[in-house]
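Participant: Sending over query.json (JSON, C-alpha atoms).
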```json
[["chain", "number", "residue", "atom", "x", "y", "z"],
["R", 5, "MET", "CA", 2.59, 16.72, 21.42],
["R", 6, "ILE", "CA", -0.62, 17.35, 19.48],
["R", 7, "GLU", "CA", 1.30, 16.73, 16.28],
["R", 8, "VAL", "CA", 2.50, 13.36, 17.61],
["R", 9, "LEU", "CA", -1.06, 12.39, 18.62],
["R", 10, "GLY", "CA", -2.24, 13.39, 15.16],
["R", 11, "TYR", "CA", 0.27, 11.01, 13.60],
["R", 12, "VAL", "CA", -0.77, 8.22, 15.99],
["R", 13, "GLY", "CA", -4.42, 8.74, 14.93],
["R", 14, "LEU", "CA", -3.48, 8.85, 11.26],
["R", 15, "GLY", "CA", -1.47, 5.66, 11.78],
["R", 16, "LEU", "CA", -4.51, 3.95, 13.30],
["R", 17, "VAL", "CA", -6.71, 4.76, 10.30],
["R", 18, "VAL", "CA", -4.03, 3.97, 7.74],
["R", 19, "GLY", "CA", -3.08, 0.75, 9.55],
["R", 20, "ALA", "CA", -6.67, -0.45, 9.25],
["R", 21, "MET", "CA", -6.66, 0.50, 5.56],
["R", 22, "SER", "CA", -3.30, -1.23, 5.18],
["R", 23, "SER", "CA", -4.67, -4.64, 6.00],
["R", 24, "PHE", "CA", -8.10, -3.95, 4.49],
["R", 25, "PHE", "CA", -6.99, -2.73, 1.06],
["R", 26, "GLY", "CA", -3.64, -4.53, 0.93],
["R", 27, "ILE", "CA", -1.98, -1.38, -0.37],
["R", 28, "GLY", "CA", -0.03, -0.53, 2.76],
["R", 29, "GLY", "CA", -2.35, 2.45, 3.18],
["R", 30, "GLY", "CA", 0.55, 4.37, 1.69],
["R", 31, "VAL", "CA", -1.55, 6.38, -0.73],
["R", 32, "THR", "CA", -3.44, 8.28, 1.95],
["R", 33, "LEU", "CA", -0.41, 8.55, 4.16],
["R", 34, "VAL", "CA", 1.76, 10.12, 1.46],
["R", 35, "ALA", "CA", -1.04, 12.49, 0.43],
["R", 36, "VAL", "CA", -1.60, 13.71, 4.01],
["R", 37, "MET", "CA", 2.09, 14.15, 4.78],
["R", 38, "VAL", "CA", 2.62, 16.16, 1.59],
["R", 39, "SER", "CA", -0.48, 18.37, 1.70],
["R", 40, "VAL", "CA", -1.03, 18.82, 5.46],
["R", 41, "ALA", "CA", 2.36, 18.33, 7.09],
["R", 42, "GLY", "CA", 4.46, 19.97, 4.37],
["R", 43, "PHE", "CA", 6.77, 17.03, 3.69],
["R", 44, "THR", "CA", 8.49, 16.85, 0.32],
["R", 45, "GLN", "CA", 7.18, 14.04, -1.87],
["R", 46, "GLN", "CA", 10.38, 12.06, -1.26],
["R", 47, "GLU", "CA", 10.29, 12.53, 2.53],
["R", 48, "ALA", "CA", 6.63, 11.48, 2.61],
["R", 49, "GLN", "CA", 7.27, 8.38, 0.53],
["R", 50, "ALA", "CA", 10.32, 7.41, 2.57],
["R", 51, "THR", "CA", 8.47, 7.84, 5.87],
["R", 52, "ALA", "CA", 5.43, 5.95, 4.55],
["R", 53, "LEU", "CA", 7.66, 3.03, 3.57],
["R", 54, "ALA", "CA", 9.38, 3.01, 6.98],
["R", 55, "PHE", "CA", 5.92, 2.90, 8.60],
["R", 56, "MET", "CA", 4.71, 0.20, 6.24],
["R", 57, "VAL", "CA", 7.30, -2.46, 7.07],
["R", 58, "PRO", "CA", 6.20, -3.13, 10.68],
["R", 59, "THR", "CA", 2.53, -2.30, 10.03],
["R", 60, "ALA", "CA", 2.19, -4.65, 7.06],
["R", 61, "THR", "CA", 3.90, -7.34, 9.15],
["R", 62, "VAL", "CA", 1.23, -6.97, 11.83],
["R", 63, "GLY", "CA", -1.40, -6.98, 9.06],
["R", 64, "VAL", "CA", -0.07, -10.26, 7.64],
["R", 65, "ILE", "CA", -0.26, -11.92, 11.06],
["R", 66, "ALA", "CA", -3.84, -10.70, 11.43],
["R", 67, "THR", "CA", -5.02, -11.77, 7.96],
["R", 68, "ARG", "CA", -3.48, -15.22, 8.52],
["R", 69, "ARG", "CA", -5.51, -15.53, 11.68],
["R", 70, "HIS", "CA", -8.58, -15.00, 9.49],
["R", 71, "GLY", "CA", -7.44, -17.75, 7.14],
["R", 72, "LEU", "CA", -6.39, -15.42, 4.30],
["R", 73, "GLY", "CA", -3.08, -15.16, 2.49],
["R", 74, "ASP", "CA", -0.43, -17.44, 0.98],
["R", 75, "LEU", "CA", 3.09, -16.89, 2.36],
["R", 76, "LYS", "CA", 4.77, -18.78, -0.50],
["R", 77, "ALA", "CA", 3.17, -16.54, -3.13],
["R", 78, "SER", "CA", 4.02, -13.45, -1.05],
["R", 79, "ALA", "CA", 7.65, -14.61, -0.80],
["R", 80, "VAL", "CA", 7.92, -15.09, -4.58],
["R", 81, "LEU", "CA", 6.49, -11.59, -5.16],
["R", 82, "GLY", "CA", 8.76, -10.05, -2.54],
["R", 83, "ALA", "CA", 11.94, -11.79, -3.64],
["R", 84, "SER", "CA", 11.44, -10.95, -7.31],
["R", 85, "GLY", "CA", 10.51, -7.33, -6.59],
["R", 86, "ALA", "CA", 13.10, -6.34, -3.97],
["R", 87, "LEU", "CA", 15.75, -5.25, -6.46],
["R", 88, "ALA", "CA", 13.15, -3.39, -8.54],
["R", 89, "ALA", "CA", 12.06, -1.59, -5.36],
["R", 90, "VAL", "CA", 15.61, -0.32, -4.87],
["R", 91, "GLY", "CA", 15.65, 0.84, -8.52],
["R", 92, "GLY", "CA", 12.31, 2.62, -8.12],
["R", 93, "ALA", "CA", 13.51, 4.36, -4.96],
["R", 94, "LEU", "CA", 16.70, 5.54, -6.69],
["R", 95, "ALA", "CA", 14.60, 6.90, -9.59],
["R", 96, "ALA", "CA", 12.33, 8.76, -7.13],
["R", 97, "LEU", "CA", 15.32, 10.25, -5.34],
["R", 98, "ALA", "CA", 16.67, 11.53, -8.67],
["R", 99, "LEU", "CA", 13.41, 13.34, -9.64],
["R", 100, "PRO", "CA", 12.39, 16.88, -8.52],
["R", 101, "ALA", "CA", 9.78, 16.68, -5.70],
["R", 102, "GLU", "CA", 7.10, 18.47, -7.75],
["R", 103, "THR", "CA", 7.49, 16.10, -10.72],
["R", 104, "LEU", "CA", 7.35, 13.07, -8.47],
["R", 105, "ARG", "CA", 4.15, 14.38, -6.91],
["R", 106, "TYR", "CA", 2.39, 14.59, -10.29],
["R", 107, "VAL", "CA", 3.60, 11.11, -11.22],
["R", 108, "PHE", "CA", 2.17, 9.89, -7.91],
["R", 109, "ALA", "CA", -1.19, 11.65, -8.47],
["R", 110, "ALA", "CA", -1.49, 10.37, -12.05],
["R", 111, "PHE", "CA", -0.76, 6.79, -11.02],
["R", 112, "ILE", "CA", -3.29, 6.62, -8.20],
["R", 113, "PHE", "CA", -5.95, 8.32, -10.37],
["R", 114, "LEU", "CA", -5.62, 5.63, -13.06],
["R", 115, "LEU", "CA", -5.52, 2.93, -10.45],
["R", 116, "GLY", "CA", -8.70, 4.23, -8.81],
["R", 117, "LEU", "CA", -10.55, 4.42, -12.14],
["R", 118, "ASN", "CA", -9.51, 0.86, -12.88],
["R", 119, "MET", "CA", -10.87, -0.38, -9.57],
["R", 120, "LEU", "CA", -14.12, 1.54, -10.02],
["R", 121, "LEU", "CA", -14.93, 0.75, -13.64],
["R", 122, "ARG", "CA", -13.52, -2.70, -14.37],
["R", 123, "PRO", "CA", -16.21, -5.39, -14.39],
["R", 124, "LEU", "CA", -15.84, -8.06, -11.73],
["R", 125, "PRO", "CA", -14.63, -11.55, -12.67],
["R", 126, "PRO", "CA", -17.15, -14.34, -12.03],
["R", 127, "ASP", "CA", -16.60, -15.87, -8.61],
["R", 128, "PRO", "CA", -18.73, -19.00, -8.11],
["R", 129, "GLU", "CA", -17.02, -19.90, -4.83],
["R", 130, "GLU", "CA", -17.96, -16.67, -3.22],
["R", 131, "GLU", "CA", -20.51, -16.98, -0.51],
["R", 132, "PHE", "CA", -21.93, -13.61, 0.37],
["R", 133, "VAL", "CA", -22.89, -13.23, 4.00],
["R", 134, "PRO", "CA", -24.54, -9.88, 4.63],
["M", 3, "MET", "CA", 6.50, -16.68, -14.00],
["M", 4, "ILE", "CA", 3.58, -14.27, -13.92],
["M", 5, "LEU", "CA", 4.07, -13.94, -10.16],
["M", 6, "ILE", "CA", 7.69, -12.87, -10.74],
["M", 7, "LEU", "CA", 6.65, -10.19, -13.24],
["M", 8, "ILE", "CA", 3.98, -8.90, -10.87],
["M", 9, "GLY", "CA", 6.62, -8.78, -8.11],
["M", 10, "VAL", "CA", 9.03, -6.77, -10.25],
["M", 11, "GLY", "CA", 6.29, -4.31, -11.27],
["M", 12, "GLY", "CA", 5.05, -3.97, -7.71],
["M", 13, "GLY", "CA", 8.57, -3.54, -6.41],
["M", 14, "PHE", "CA", 9.44, -0.77, -8.84],
["M", 15, "LEU", "CA", 6.27, 1.16, -8.01],
["M", 16, "ALA", "CA", 6.81, 0.61, -4.29],
["M", 17, "GLY", "CA", 10.17, 2.29, -4.58],
["M", 18, "LEU", "CA", 9.11, 5.01, -7.02],
["M", 19, "LEU", "CA", 5.85, 6.02, -5.29],
["M", 20, "GLY", "CA", 6.23, 4.84, -1.71],
["M", 21, "ILE", "CA", 2.90, 3.04, -1.80],
["M", 22, "GLY", "CA", 4.03, -0.48, -0.98],
["M", 23, "GLY", "CA", 3.24, -1.81, -4.43],
["M", 24, "GLY", "CA", -0.07, -3.42, -3.53],
["M", 25, "GLY", "CA", -1.92, -0.91, -5.68],
["M", 26, "LEU", "CA", -0.51, -2.64, -8.75],
["M", 27, "MET", "CA", -0.22, -6.17, -7.39],
["M", 28, "VAL", "CA", -3.78, -6.56, -6.11],
["M", 29, "PRO", "CA", -5.55, -5.96, -9.47],
["M", 30, "LEU", "CA", -2.94, -8.05, -11.32],
["M", 31, "LEU", "CA", -3.27, -10.94, -8.86],
["M", 32, "VAL", "CA", -7.04, -10.83, -9.34],
["M", 33, "SER", "CA", -6.78, -10.71, -13.16],
["M", 34, "PHE", "CA", -3.91, -13.11, -13.87],
["M", 35, "GLU", "CA", -3.67, -15.40, -10.87],
["M", 36, "LYS", "CA", -7.46, -15.55, -10.54],
["M", 37, "LEU", "CA", -7.27, -14.81, -6.83],
["M", 38, "ARG", "CA", -10.31, -13.48, -5.07],
["M", 39, "GLN", "CA", -10.04, -9.83, -4.07],
["M", 40, "ARG", "CA", -9.63, -10.56, -0.37],
["M", 41, "GLN", "CA", -7.02, -13.25, -0.96],
["M", 42, "ALA", "CA", -5.14, -10.97, -3.38],
["M", 43, "HIS", "CA", -5.09, -8.25, -0.70],
["M", 44, "ALA", "CA", -3.65, -10.68, 1.84],
["M", 45, "VAL", "CA", -1.00, -12.10, -0.54],
["M", 46, "SER", "CA", 0.02, -8.60, -1.62],
["M", 47, "LEU", "CA", 0.32, -7.48, 2.00],
["M", 48, "GLY", "CA", 2.90, -10.21, 2.63],
["M", 49, "ALA", "CA", 4.95, -9.05, -0.37],
["M", 50, "VAL", "CA", 4.67, -5.41, 0.75],
["M", 51, "VAL", "CA", 6.69, -6.25, 3.88],
["M", 52, "VAL", "CA", 9.69, -7.22, 1.73],
["M", 53, "LEU", "CA", 9.25, -4.57, -1.00],
["M", 54, "ALA", "CA", 8.75, -1.70, 1.47],
["M", 55, "LEU", "CA", 11.81, -2.83, 3.43],
["M", 56, "ALA", "CA", 14.03, -2.81, 0.33],
["M", 57, "ALA", "CA", 12.74, 0.62, -0.73],
["M", 58, "ALA", "CA", 12.90, 2.08, 2.80],
["M", 59, "ILE", "CA", 16.55, 1.08, 3.15],
["M", 60, "THR", "CA", 17.30, 2.93, -0.10],
["M", 61, "TYR", "CA", 15.47, 6.10, 1.03],
["M", 62, "GLY", "CA", 17.09, 5.76, 4.45],
["M", 63, "ALA", "CA", 20.53, 5.80, 2.88],
["M", 64, "ALA", "CA", 19.60, 9.14, 1.28],
["M", 65, "ASP", "CA", 18.45, 10.41, 4.70],
["M", 66, "GLU", "CA", 14.83, 11.07, 3.61],
["M", 67, "ILE", "CA", 13.02, 9.09, 6.34],
["M", 68, "ARG", "CA", 11.55, 10.99, 9.29],
["M", 69, "LEU", "CA", 11.88, 8.23, 11.88],
["M", 70, "GLY", "CA", 9.96, 10.00, 14.68],
["M", 71, "THR", "CA", 6.92, 10.43, 12.42],
["M", 72, "ALA", "CA", 7.15, 6.83, 11.21],
["M", 73, "ALA", "CA", 7.29, 5.61, 14.84],
["M", 74, "ALA", "CA", 4.24, 7.69, 15.86],
["M", 75, "LEU", "CA", 2.33, 6.42, 12.82],
["M", 76, "PHE", "CA", 3.22, 2.85, 13.71],
["M", 77, "ALA", "CA", 2.05, 3.32, 17.31],
["M", 78, "GLY", "CA", -1.43, 3.90, 15.83],
["M", 79, "GLY", "CA", -1.01, 1.49, 12.94],
["M", 80, "VAL", "CA", -0.33, -1.49, 15.17],
["M", 81, "PHE", "CA", -3.87, -1.19, 16.53],
["M", 82, "GLY", "CA", -5.43, -0.32, 13.19],
["M", 83, "ALA", "CA", -4.05, -3.29, 11.24],
["M", 84, "PRO", "CA", -6.00, -6.05, 13.06],
["M", 85, "LEU", "CA", -9.12, -3.88, 12.75],
["M", 86, "GLY", "CA", -8.76, -3.75, 8.96],
["M", 87, "ALA", "CA", -8.09, -7.49, 8.78],
["M", 88, "ARG", "CA", -11.29, -8.20, 10.68],
["M", 89, "LEU", "CA", -13.23, -5.98, 8.25],
["M", 90, "LEU", "CA", -11.52, -7.71, 5.31],
["M", 91, "SER", "CA", -12.72, -11.15, 6.39],
["M", 92, "ARG", "CA", -16.30, -9.91, 6.78],
["M", 93, "THR", "CA", -16.76, -7.57, 3.84],
["M", 94, "ASN", "CA", -17.66, -8.79, 0.36],
["M", 95, "ASP", "CA", -15.29, -8.40, -2.58],
["M", 96, "VAL", "CA", -17.40, -5.95, -4.59],
["M", 97, "LEU", "CA", -17.62, -3.47, -1.76],
["M", 98, "ALA", "CA", -13.87, -3.67, -1.06],
["M", 99, "ARG", "CA", -13.03, -3.05, -4.70],
["M", 100, "ARG", "CA", -15.37, -0.06, -5.15],
["M", 101, "ALA", "CA", -14.30, 1.51, -1.86],
["M", 102, "PHE", "CA", -10.68, 1.14, -2.96],
["M", 103, "GLY", "CA", -11.47, 2.89, -6.27],
["M", 104, "VAL", "CA", -13.30, 5.82, -4.68],
["M", 105, "LEU", "CA", -10.49, 6.36, -2.20],
["M", 106, "LEU", "CA", -7.82, 6.47, -4.89],
["M", 107, "VAL", "CA", -9.66, 8.80, -7.29],
["M", 108, "CYS", "CA", -10.48, 11.27, -4.49],
["M", 109, "THR", "CA", -6.89, 11.27, -3.26],
["M", 110, "ALA", "CA", -5.52, 11.88, -6.76],
["M", 111, "ILE", "CA", -7.85, 14.82, -7.43],
["M", 112, "TYR", "CA", -7.02, 16.32, -4.05],
["M", 113, "LEU", "CA", -3.29, 16.02, -4.66],
["M", 114, "ALA", "CA", -3.39, 17.47, -8.16],
["M", 115, "ALA", "CA", -5.59, 20.38, -7.04],
["M", 116, "THR", "CA", -3.48, 21.50, -4.07]]
```
Show me, as structure tokens, the structure contained in the file I just sent.
Facilitator:
Amino acid sequence: MIEVLGYVGLGLVVGAMSSFFGIGGGVTLVAVMVSVAGFTQQEAQATALAFMVPTATVGVIATRRHGLGDLKASAVLGASGALAAVGGALAALALPAETLRYVFAAFIFLLGLNMLLRPLPPDPEEEFVP
Amino acid sequence: MILILIGVGGGFLAGLLGIGGGGLMVPLLVSFEKLRQRQAHAVSLGAVVVLALAAAITYGAADEIRLGTAAALFAGGVFGAPLGARLLSRTNDVLARRAFGVLLVCTAIYLAAT
């Protein structure tokens, strides 16, 4: 029971991150399931993806309400990437769990550095409201 | 054309790493499609629905999904998602980007160290 409540709480936090960061919150979710709950890397990734489908859908509805998003662009991205997603999943399933975990860690480290260090593009339209 | 390439890259990573693919798509949408950070997040989120579904079906066929856990996570996530969207529409782009970076670096170090 406590375990279930823990997952509900984790889902709440990650759901908020999902629509805030646009990354499905999957990074944190996979990390927690692997290090705290003892999932294999593949199980964690599979469960994170299963969680992401309905949660991201709710997130899209919410961001649209705030006037953000572009469904046509999202559809082009989704349609062109769906087959690649299947290929990526098959590759992950073929790798040993430990190897996949290091690939995962390396990728999100580089990604984080990129977000931290890359200079921001000029954005004249932006109106900052504190 | 660039959108298609971004979709393929995001899709592959979504399947390989179980992260939805936004981690790659958001910075690329900002750089190449000149979208603002918040708009890129929102566009990526829409694509994640499709990419995550395609990848989840593949993992599901290999019996790797723990459905009970996913359902419990969603029970919380359904309330968290609107919360994040509200923050997204109120927070400036710089803050969102830096917070994103800090989160990812910390998670990577934690994972590699344990």
Participant: For M:Val96, which of M:Gln39, M:Ala83, M:Tyr112, M:Ala72 is the closest residue, counting only C-alpha atoms?
Facilitator: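 Selected residue with least distance to M:Val96: M:Gln39.
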Participant: Which is closer to M:His43 than all the others in M:Gly70, M:Ala63, M:Gly78, M:Arg99, using only C-alpha atoms?
Facilitator: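 Nearest to M:His43: M:Arg99.
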Participant: Have a look at M:Ile8, M:Val52, M:Ala115, M:Val28 and name the one nearest to M:Phe102; count all atoms listed in the file.
Facilitator: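 When distances to M:Phe102 are compared using all atoms listed in the file, the smallest one comes from M:Val28.
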Participant: Set up a box along x, y and z of the file covering all listed atoms of stretch 28-36 of chain M, add 8 Å on every one of the six sides, and write the centre and edge lengths in Å to one decimal, as lines of an AutoDock Vina configuration file.
Facilitator:
```
center_x = -5.2
center_y = -10.8
center_z = -10.0
size_x = 20.5
size_y = 25.6
size_z = 23.8
```
Participant: Name the closest residue to R:Ala109 among the candidates R:Leu81, R:Leu97, R:Leu14, R:Val38; distances are taken between atoms, counting only C-alpha atoms.
Facilitator: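 Among the listed residues, R:Val38 lies closest to R:Ala109.
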Participant: At a cut-off of 12 Å, using all atoms listed in the file, what residues contact R:Val107? Leave out same-chain residues fewer than 5 positions from it and give the result as a list in words.
Facilitator: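 Close residues of R:Val107: Gln45, Ala95, Ala96, Leu99, Pro100, Ala101, Glu102, Ile112, Phe113 and Leu114 of chain R; Leu15, Leu18, Leu19, Gly20, Ala110, Leu113 and Ala114 of chain M.
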Participant: Pick out the closest residue to M:Gln41 from this set: M:Gly103, M:Pro29, M:Gly62, M:Gly13. Count only C-alpha atoms.
Facilitator: M:Pro29
Participant: So which one's closest to M:Ile67, R:Arg68, R:Leu117, R:Met21, R:Ala50? Using all atoms listed in the file, please.
Facilitator: R:Ala50
Participant: Identify, on the basis of only C-alpha atoms, every residue whose closest approach to M:Arg68 does not exceed 9 Å; exclude the query and any residue fewer than 5 positions from it along the same chain; express the result as a ChimeraX atom specification.
Facilitator: /R:47-48,50-51,54 /M:73
